[in-house]
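Q: One file: structure24.cif (mmCIF, C-alpha atoms and all ligand atoms).
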data_entry
loop_
_atom_site.label_atom_id
_atom_site.label_comp_id
_atom_site.auth_asym_id
_atom_site.auth_seq_id
_atom_site.Cartn_x
_atom_site.Cartn_y
_atom_site.Cartn_z
CA MET A 1 -14.86 10.28 16.52
CA LYS A 2 -14.69 11.70 13.00
CA PRO A 3 -13.85 8.98 10.46
CA VAL A 4 -10.40 9.35 8.90
CA VAL A 5 -8.63 8.10 5.79
CA VAL A 6 -5.96 5.59 6.80
CA VAL A 7 -3.18 5.23 4.23
CA LEU A 8 -1.15 2.04 4.52
CA SER A 9 1.94 1.59 2.36
CA ALA A 10 4.71 -0.99 2.28
CA PRO A 11 6.95 -2.47 -0.37
CA SER A 12 5.32 -5.35 -2.28
CA GLY A 13 5.52 -8.39 0.01
CA GLY A 14 5.78 -6.16 3.08
CA GLY A 15 2.67 -7.69 4.63
CA LYS A 16 0.37 -4.69 4.61
CA THR A 17 -2.54 -6.55 3.06
CA THR A 18 -2.38 -9.14 5.86
CA ILE A 19 -2.29 -6.35 8.44
CA ALA A 20 -5.17 -4.50 6.78
CA ARG A 21 -7.28 -7.67 6.68
CA ALA A 22 -6.64 -8.38 10.36
CA VAL A 23 -7.58 -4.82 11.38
CA LEU A 24 -10.77 -5.04 9.30
CA ALA A 25 -11.66 -8.41 10.80
CA GLU A 26 -11.60 -7.04 14.32
CA ARG A 27 -13.05 -3.56 13.73
CA PRO A 28 -16.54 -3.00 12.33
CA ASP A 29 -15.83 0.75 12.33
CA VAL A 30 -13.21 0.35 9.57
CA GLY A 31 -13.89 -0.23 5.87
CA TYR A 32 -11.55 -1.24 3.05
CA SER A 33 -11.34 0.87 -0.07
CA VAL A 34 -11.27 -1.54 -3.02
CA SER A 35 -8.92 -0.13 -5.66
CA ALA A 36 -9.12 -0.35 -9.42
CA THR A 37 -6.22 -1.81 -11.38
CA THR A 38 -5.23 -2.81 -14.90
CA ARG A 39 -3.13 -5.75 -13.69
CA PRO A 40 -4.62 -9.20 -14.27
CA PRO A 41 -6.16 -11.01 -11.26
CA ARG A 42 -3.96 -13.46 -9.35
CA PRO A 43 -5.45 -16.88 -8.67
CA GLY A 44 -8.24 -16.53 -6.12
CA GLU A 45 -8.67 -12.76 -6.52
CA GLN A 46 -12.32 -11.82 -7.08
CA ASP A 47 -13.39 -8.77 -9.04
CA GLY A 48 -14.86 -6.22 -6.63
CA GLN A 49 -13.15 -7.75 -3.59
CA ALA A 50 -9.39 -7.71 -4.11
CA TYR A 51 -9.68 -5.05 -6.84
CA TYR A 52 -11.94 -3.82 -9.57
CA PHE A 53 -10.10 -5.26 -12.56
CA LEU A 54 -10.35 -2.84 -15.47
CA SER A 55 -9.05 -2.73 -19.02
CA ARG A 56 -6.58 0.04 -19.76
CA ALA A 57 -9.17 1.84 -21.84
CA GLU A 58 -11.73 1.73 -19.03
CA PHE A 59 -9.17 2.84 -16.44
CA GLU A 60 -8.14 5.74 -18.67
CA ARG A 61 -11.75 6.74 -19.26
CA ARG A 62 -12.48 6.83 -15.53
CA ARG A 63 -9.31 8.76 -14.91
CA ARG A 64 -10.26 11.34 -17.50
CA VAL A 65 -13.67 11.95 -15.98
CA GLY A 66 -12.15 12.39 -12.51
CA GLU A 67 -13.40 9.24 -10.80
CA PHE A 68 -10.07 8.67 -9.04
CA LEU A 69 -8.98 10.31 -5.82
CA GLU A 70 -5.45 9.25 -6.79
CA SER A 71 -3.83 7.00 -9.35
CA ALA A 72 -0.31 5.79 -10.07
CA GLN A 73 1.63 3.34 -12.17
CA TYR A 74 3.34 0.46 -10.46
CA ALA A 75 5.42 -2.26 -12.15
CA GLY A 76 3.91 -1.35 -15.53
CA GLU A 77 0.24 -1.38 -14.45
CA TRP A 78 -2.18 1.32 -13.31
CA TYR A 79 -3.72 1.42 -9.84
CA GLY A 80 -6.19 3.93 -8.45
CA THR A 81 -8.49 4.74 -5.56
CA LEU A 82 -12.05 5.49 -6.59
CA ARG A 83 -13.56 8.57 -4.92
CA SER A 84 -16.84 6.66 -4.70
CA GLU A 85 -15.22 3.95 -2.51
CA VAL A 86 -13.75 6.39 0.01
CA ASP A 87 -16.90 8.55 0.10
CA ARG A 88 -19.11 5.51 0.67
CA ILE A 89 -17.02 4.32 3.65
CA LEU A 90 -16.63 7.75 5.27
CA ARG A 91 -20.33 8.55 4.80
CA SER A 92 -21.21 5.32 6.62
CA GLY A 93 -19.23 6.70 9.59
CA ARG A 94 -16.33 4.28 9.24
CA HIS A 95 -12.62 4.92 8.82
CA ALA A 96 -11.42 4.12 5.29
CA VAL A 97 -8.29 2.00 4.88
CA LEU A 98 -6.34 2.48 1.64
CA ASP A 99 -3.63 -0.06 0.78
CA ILE A 100 -1.70 1.98 -1.78
CA GLU A 101 1.82 2.71 -3.02
CA VAL A 102 3.82 5.84 -2.25
CA LYS A 103 2.92 8.13 -5.17
CA GLY A 104 -0.79 7.60 -4.56
CA ALA A 105 -0.25 8.14 -0.84
CA ARG A 106 1.16 11.61 -1.56
CA GLN A 107 -1.93 12.50 -3.56
CA VAL A 108 -4.23 11.29 -0.77
CA ARG A 109 -2.33 13.26 1.89
CA ALA A 110 -2.74 16.36 -0.28
CA ALA A 111 -6.50 15.77 -0.67
CA TYR A 112 -7.01 14.83 2.98
CA PRO A 113 -4.33 16.64 5.00
CA PRO A 114 -3.90 15.35 8.57
CA PRO A 115 -5.90 15.02 10.79
CA ALA A 116 -8.38 14.04 8.03
CA SER A 117 -5.88 11.32 7.09
CA VAL A 118 -3.18 9.38 8.86
CA SER A 119 -0.42 7.65 6.90
CA ILE A 120 1.44 4.55 8.03
CA PHE A 121 4.44 2.98 6.31
CA ILE A 122 5.13 -0.65 7.11
CA LEU A 123 8.73 -1.82 6.89
CA PRO A 124 9.59 -5.49 6.50
CA PRO A 125 11.81 -6.79 9.33
CA SER A 126 14.38 -7.84 6.71
CA VAL A 127 14.80 -8.27 2.96
CA ALA A 128 14.91 -12.04 3.53
CA ALA A 129 11.38 -11.88 5.01
CA LEU A 130 10.17 -9.82 2.07
CA LEU A 131 11.67 -12.21 -0.48
CA GLU A 132 10.11 -15.13 1.32
CA ARG A 133 6.63 -13.55 1.09
CA LEU A 134 7.07 -12.69 -2.57
CA GLY A 135 8.31 -16.24 -3.21
CA GLN A 136 5.34 -17.75 -1.35
CA ARG A 137 3.02 -15.74 -3.49
CA GLY A 138 4.64 -17.46 -6.47
CA SER A 139 2.89 -15.18 -8.92
CA GLU A 140 5.82 -13.05 -10.01
CA SER A 141 7.79 -13.67 -13.16
CA PRO A 142 11.56 -13.11 -12.74
CA ASP A 143 11.20 -9.74 -14.49
CA GLY A 144 8.19 -8.82 -12.35
CA LEU A 145 10.09 -9.74 -9.21
CA ARG A 146 13.11 -7.70 -10.17
CA ARG A 147 10.90 -4.75 -10.99
CA ARG A 148 9.16 -4.97 -7.63
CA LEU A 149 12.46 -5.19 -5.76
CA ARG A 150 13.88 -2.16 -7.56
CA ARG A 151 10.70 -0.29 -6.85
CA ALA A 152 10.90 -1.32 -3.18
CA VAL A 153 14.22 0.52 -2.85
CA GLU A 154 12.56 3.75 -4.04
CA GLU A 155 9.54 3.13 -1.86
CA ILE A 156 11.29 2.70 1.45
CA ARG A 157 13.07 6.02 0.81
CA GLU A 158 9.58 7.57 1.04
CA ALA A 159 8.93 6.11 4.48
CA ALA A 160 10.18 9.30 6.16
CA ARG A 161 7.22 11.26 4.71
CA TYR A 162 4.66 9.14 6.54
CA ASP A 163 3.09 10.05 9.88
CA TYR A 164 4.05 6.68 11.33
CA VAL A 165 6.60 4.00 10.42
CA LEU A 166 6.07 0.51 11.83
CA VAL A 167 8.22 -2.61 11.54
CA ASN A 168 6.26 -5.74 10.71
CA ASP A 169 8.29 -8.13 12.86
CA ASP A 170 5.23 -9.43 14.68
CA LEU A 171 1.82 -9.48 13.02
CA ALA A 172 -0.26 -9.12 16.21
CA GLY A 173 1.89 -6.19 17.35
CA ALA A 174 1.62 -4.43 13.99
CA VAL A 175 -2.16 -4.91 13.91
CA GLN A 176 -2.48 -3.52 17.42
CA ALA A 177 -0.31 -0.52 16.53
CA VAL A 178 -2.36 0.28 13.40
CA SER A 179 -5.53 0.02 15.45
CA ALA A 180 -4.15 2.35 18.15
CA ILE A 181 -3.08 4.87 15.48
CA ILE A 182 -6.61 4.86 14.06
CA ASP A 183 -7.87 5.58 17.56
CA GLY A 184 -5.58 8.57 18.03
CA SER A 185 -2.22 6.84 18.44
CA ALA A 186 -1.71 6.93 22.21
CA GLY A 187 1.59 5.28 22.95
CA VAL A 188 2.67 4.41 19.40
CA PRO A 189 6.08 5.92 18.52
CA ARG A 190 6.20 7.68 15.15
CA ARG A 191 9.44 5.97 14.16
CA PRO A 192 11.21 2.78 15.18
CA ALA A 193 14.18 3.47 17.45
CA ASP A 194 16.84 2.62 14.86
CA PHE A 195 14.96 4.11 11.89
CA GLU A 196 17.84 5.54 9.83
CA GLN A 197 20.11 2.51 10.15
CA ARG A 198 17.21 0.20 9.41
CA LEU A 199 16.34 2.08 6.21
CA ASP A 200 19.95 2.07 5.04
CA ALA A 201 20.33 -1.66 5.68
CA LEU A 202 17.06 -2.48 3.90
CA ALA A 203 17.91 -0.31 0.89
CA ARG A 204 21.34 -1.93 0.58
CA ASP A 205 19.99 -5.49 0.85
CA LEU A 206 17.14 -4.77 -1.57
CA ALA A 207 19.47 -3.34 -4.20
CA GLN A 208 21.60 -6.43 -3.87
CA ALA A 209 18.59 -8.78 -4.13
CA ALA A 210 17.32 -6.95 -7.23
CA GLY A 211 20.75 -7.34 -8.82
CA ASN A 212 20.79 -11.06 -8.03
CA ALA A 213 17.23 -11.83 -9.19
CA PRO A 214 17.22 -14.23 -12.14
CA ARG A 215 16.92 -12.68 -15.60
CA GLY A 216 13.72 -13.36 -17.50
CA ALA A 217 13.68 -15.20 -20.82
P1 LIG B 1 -0.31 -5.68 -6.05
O1 LIG B 1 -0.20 -5.77 -7.54
O2 LIG B 1 0.78 -6.43 -5.34
O3 LIG B 1 -1.69 -6.02 -5.53
O4 LIG B 1 -0.11 -4.13 -5.66
C1 LIG B 1 1.04 -3.45 -6.09
C2 LIG B 1 1.13 -2.14 -5.38
O5 LIG B 1 0.06 -1.28 -5.76
C3 LIG B 1 1.06 -2.25 -3.85
O6 LIG B 1 2.06 -1.41 -3.30
C4 LIG B 1 -0.31 -1.73 -3.53
O7 LIG B 1 -0.36 -1.13 -2.25
C5 LIG B 1 -0.48 -0.68 -4.61
N1 LIG B 1 -1.87 -0.30 -4.83
C6 LIG B 1 -2.98 -1.07 -4.72
N2 LIG B 1 -4.07 -0.35 -4.97
C7 LIG B 1 -3.65 0.91 -5.22
C8 LIG B 1 -4.32 2.14 -5.52
O8 LIG B 1 -5.53 2.23 -5.60
N3 LIG B 1 -3.55 3.22 -5.72
C9 LIG B 1 -2.21 3.20 -5.64
N4 LIG B 1 -1.55 4.33 -5.84
N5 LIG B 1 -1.55 2.07 -5.35
C10 LIG B 1 -2.26 0.95 -5.14
#
Once more with this new file: its structure as structure tokens, please.
Ligand code: 5GP
A:
Amino acid sequence: MKPVVVVLSAPSGGGKTTIARAVLAERPDVGYSVSATTRPPRPGEQDGQAYYFLSRAEFERRRRVGEFLESAQYAGEWYGTLRSEVDRILRSGRHAVLDIEVKGARQVRAAYPPPASVSIFILPPSVAALLERLGQRGSESPDGLRRRLRRAVEEIREAARYDYVLVNDDLAGAVQAVSAIIDGSAGVPRRPADFEQRLDALARDLAQAAGNAPRGA
């Protein structure tokens, strides 16, 4: 089977990194594209594993010389997929998983139109679940949190552009679905049954949560 680029997106706290890790743990034929970012490392994040942590000047330099397949700003920081990462994984005969936000996903779909890529948007089961994950992470300032919640509203509106939309209400189920999609998707519906209502409810609850988030100093 020809290796494909697998684009995974979800609002921050949506659980896509957990899903990606689980898929990678069980499939030697899948590789993870390590992104570059200008945001500072969170506790425990290693350079070259979670991300390549770059200064703004270095990120800008690499962008100028065309090292990025895509890049986008998110919550005030730059993120980008290095062409070298994706090429390395595909050349080794493995599928390349990209955990990226929606603007970058558009750029990747343009560079690798389906069937060279498959895009999957992961919806949280509820805003409460998303807030809980963001809270557990404990690394967001009140301003950062509010920014991420506002951004999440815009992001879920993009879900309709993806090849597949999954609800992350059960980790094992979501991992299995992503794996089946990579293998050609037999049996995985492209949208959850109640897609439109679900999106509306999430957008409404997110907007409310962003409005209620505590103000920063
Ligand atoms: P975080 O700061 O929480 O690790 O990531 C913030 C957002 O940036 C997430 O939605 C994540 O998927 C996205 N992201 C991570 N790497 C990249 C990348 O290389 N390109 C783009 N466009 N987004 C990325």
Q: Could you give me the residues within 7 Å of ligand LIG 1 (chain B), counting only C-alpha atoms and all ligand atoms, as an mmCIF file with C-alpha atoms, keeping the file's coordinate frame?
A:
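The result, stored in part.cif:
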data_model
loop_
_atom_site.group_PDB
_atom_site.id
_atom_site.type_symbol
_atom_site.label_atom_id
_atom_site.label_comp_id
_atom_site.auth_asym_id
_atom_site.auth_seq_id
_atom_site.Cartn_x
_atom_site.Cartn_y
_atom_site.Cartn_z
ATOM 1 C CA SER A 9 1.940 1.590 2.360
ATOM 2 C CA ALA A 10 4.710 -0.990 2.280
ATOM 3 C CA PRO A 11 6.950 -2.470 -0.370
ATOM 4 C CA SER A 12 5.320 -5.350 -2.280
ATOM 5 C CA SER A 35 -8.920 -0.130 -5.660
ATOM 6 C CA ALA A 36 -9.120 -0.350 -9.420
ATOM 7 C CA THR A 37 -6.220 -1.810 -11.380
ATOM 8 C CA ARG A 39 -3.130 -5.750 -13.690
ATOM 9 C CA GLU A 70 -5.450 9.250 -6.790
ATOM 10 C CA SER A 71 -3.830 7.000 -9.350
ATOM 11 C CA ALA A 72 -0.310 5.790 -10.070
ATOM 12 C CA TYR A 74 3.340 0.460 -10.460
ATOM 13 C CA TYR A 79 -3.720 1.420 -9.840
ATOM 14 C CA GLY A 80 -6.190 3.930 -8.450
ATOM 15 C CA THR A 81 -8.490 4.740 -5.560
ATOM 16 C CA ASP A 99 -3.630 -0.060 0.780
ATOM 17 C CA ILE A 100 -1.700 1.980 -1.780
ATOM 18 C CA GLU A 101 1.820 2.710 -3.020
ATOM 19 C CA VAL A 102 3.820 5.840 -2.250
ATOM 20 C CA LYS A 103 2.920 8.130 -5.170
ATOM 21 C CA GLY A 104 -0.790 7.600 -4.560
ATOM 22 C CA ALA A 105 -0.250 8.140 -0.840
#
Q: Please measure the separation of atom CA of A:Arg83 and atom CA of A:Leu69, giving the value in Å to one decimal.
A: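 That distance, rounded to one decimal, is 5.0 Å.
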Q: Sorted by chain and rising residue number, which residues of stretch 108-145 of chain A lie within 10 Å of stretch 176-185 of chain A, and what are their closest atom pairs and distances in Å to one decimal, counting only C-alpha atoms, as JSON lines?
A:
{"residue": "A:Pro115", "atom": "CA", "partner": "A:Gly184", "partner_atom": "CA", "distance": 9.7}
{"residue": "A:Ser117", "atom": "CA", "partner": "A:Ile182", "partner_atom": "CA", "distance": 9.5}
{"residue": "A:Val118", "atom": "CA", "partner": "A:Ile182", "partner_atom": "CA", "distance": 7.7}
{"residue": "A:Ser119", "atom": "CA", "partner": "A:Ile181", "partner_atom": "CA", "distance": 9.4}
{"residue": "A:Ile120", "atom": "CA", "partner": "A:Val178", "partner_atom": "CA", "distance": 7.8}
{"residue": "A:Ile122", "atom": "CA", "partner": "A:Val178", "partner_atom": "CA", "distance": 9.8}
Q: My list of candidates is A:Leu98, A:Ala22, A:Leu166, A:Ala111. Which is closest to A:Asp194 when distances are computed with all atoms listed in the file?
A: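 Closest residue, counting all atoms listed in the file: A:Leu166.
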Q: Taking all atoms listed in the file into account, which of A:Leu199, A:Val167, A:Ala96, A:Val7 comes nearest A:Pro28?
A: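 Among A:Leu199, A:Val167, A:Ala96, A:Val7, it is A:Ala96 that comes nearest to A:Pro28.
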Q: Measure the distance from atom CA of A:Tyr112 to atom CA of A:Ser92 in Å and round it to one decimal.
A: 17.5 Å
Q: Find the residues around A:Gln208 up to 12 Å (only C-alpha atoms counted), leave out those fewer than 3 positions away in its own chain, and share them as an mmCIF file with C-alpha atoms, in the frame of the given file.
A:
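This went into part.cif:
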data_model
loop_
_atom_site.group_PDB
_atom_site.id
_atom_site.type_symbol
_atom_site.label_atom_id
_atom_site.label_comp_id
_atom_site.auth_asym_id
_atom_site.auth_seq_id
_atom_site.Cartn_x
_atom_site.Cartn_y
_atom_site.Cartn_z
ATOM 1 C CA VAL A 127 14.800 -8.270 2.960
ATOM 2 C CA ALA A 128 14.910 -12.040 3.530
ATOM 3 C CA LEU A 131 11.670 -12.210 -0.480
ATOM 4 C CA ARG A 146 13.110 -7.700 -10.170
ATOM 5 C CA LEU A 149 12.460 -5.190 -5.760
ATOM 6 C CA ARG A 150 13.880 -2.160 -7.560
ATOM 7 C CA ALA A 152 10.900 -1.320 -3.180
ATOM 8 C CA VAL A 153 14.220 0.520 -2.850
ATOM 9 C CA ALA A 201 20.330 -1.660 5.680
ATOM 10 C CA LEU A 202 17.060 -2.480 3.900
ATOM 11 C CA ALA A 203 17.910 -0.310 0.890
ATOM 12 C CA ARG A 204 21.340 -1.930 0.580
ATOM 13 C CA ASP A 205 19.990 -5.490 0.850
ATOM 14 C CA GLY A 211 20.750 -7.340 -8.820
ATOM 15 C CA ASN A 212 20.790 -11.060 -8.030
ATOM 16 C CA ALA A 213 17.230 -11.830 -9.190
#
Q: What is the distance, in Å and to one decimal place, between atom CA of A:Val65 and atom CA of A:Val86?
A: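 Computing the Euclidean distance for atom CA of A:Val65 and atom CA of A:Val86 yields 16.9 Å.
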Q: Pick from A:Ala159, A:Asp169, A:Arg151, A:Arg94: nearest to A:Ala129, with only C-alpha atoms counted?
A: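 Smallest separation from A:Ala129 among the options: A:Asp169.
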Q: Let me know the centre plus edge lengths, in Å and rounded to one decimal, of a box with edges along x, y and z that contains all listed atoms of stretch 70-80 of chain A and is padded by 4 Å on every side, as AutoDock Vina command-line options.
A:
--center_x -0.4 --center_y 3.5 --center_z -11.2 --size_x 19.6 --size_y 19.5 --size_z 16.7
Q: Which residue is closest to A:Leu145? Choose from A:Phe68, A:Ala75, A:Pro40, A:Gly93 and count all atoms listed in the file.
A: A:Ala75
Q: Neighbouring residues of A:Ile19 were defined as those with any atom within 9 Å, considering only C-alpha atoms; residues of the same chain fewer than 4 positions away were excluded. Please report them as a ChimeraX atom specification.
A: /A:15,23-24,168,171-172,174-175,178
Q: With distances taken over all atoms listed in the file, which of A:Arg62, A:His95, A:Arg148, A:Arg161 is nearest to A:Tyr32?
A: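 Between A:Arg62, A:His95, A:Arg148, A:Arg161, the residue approaching A:Tyr32 most closely is A:His95.
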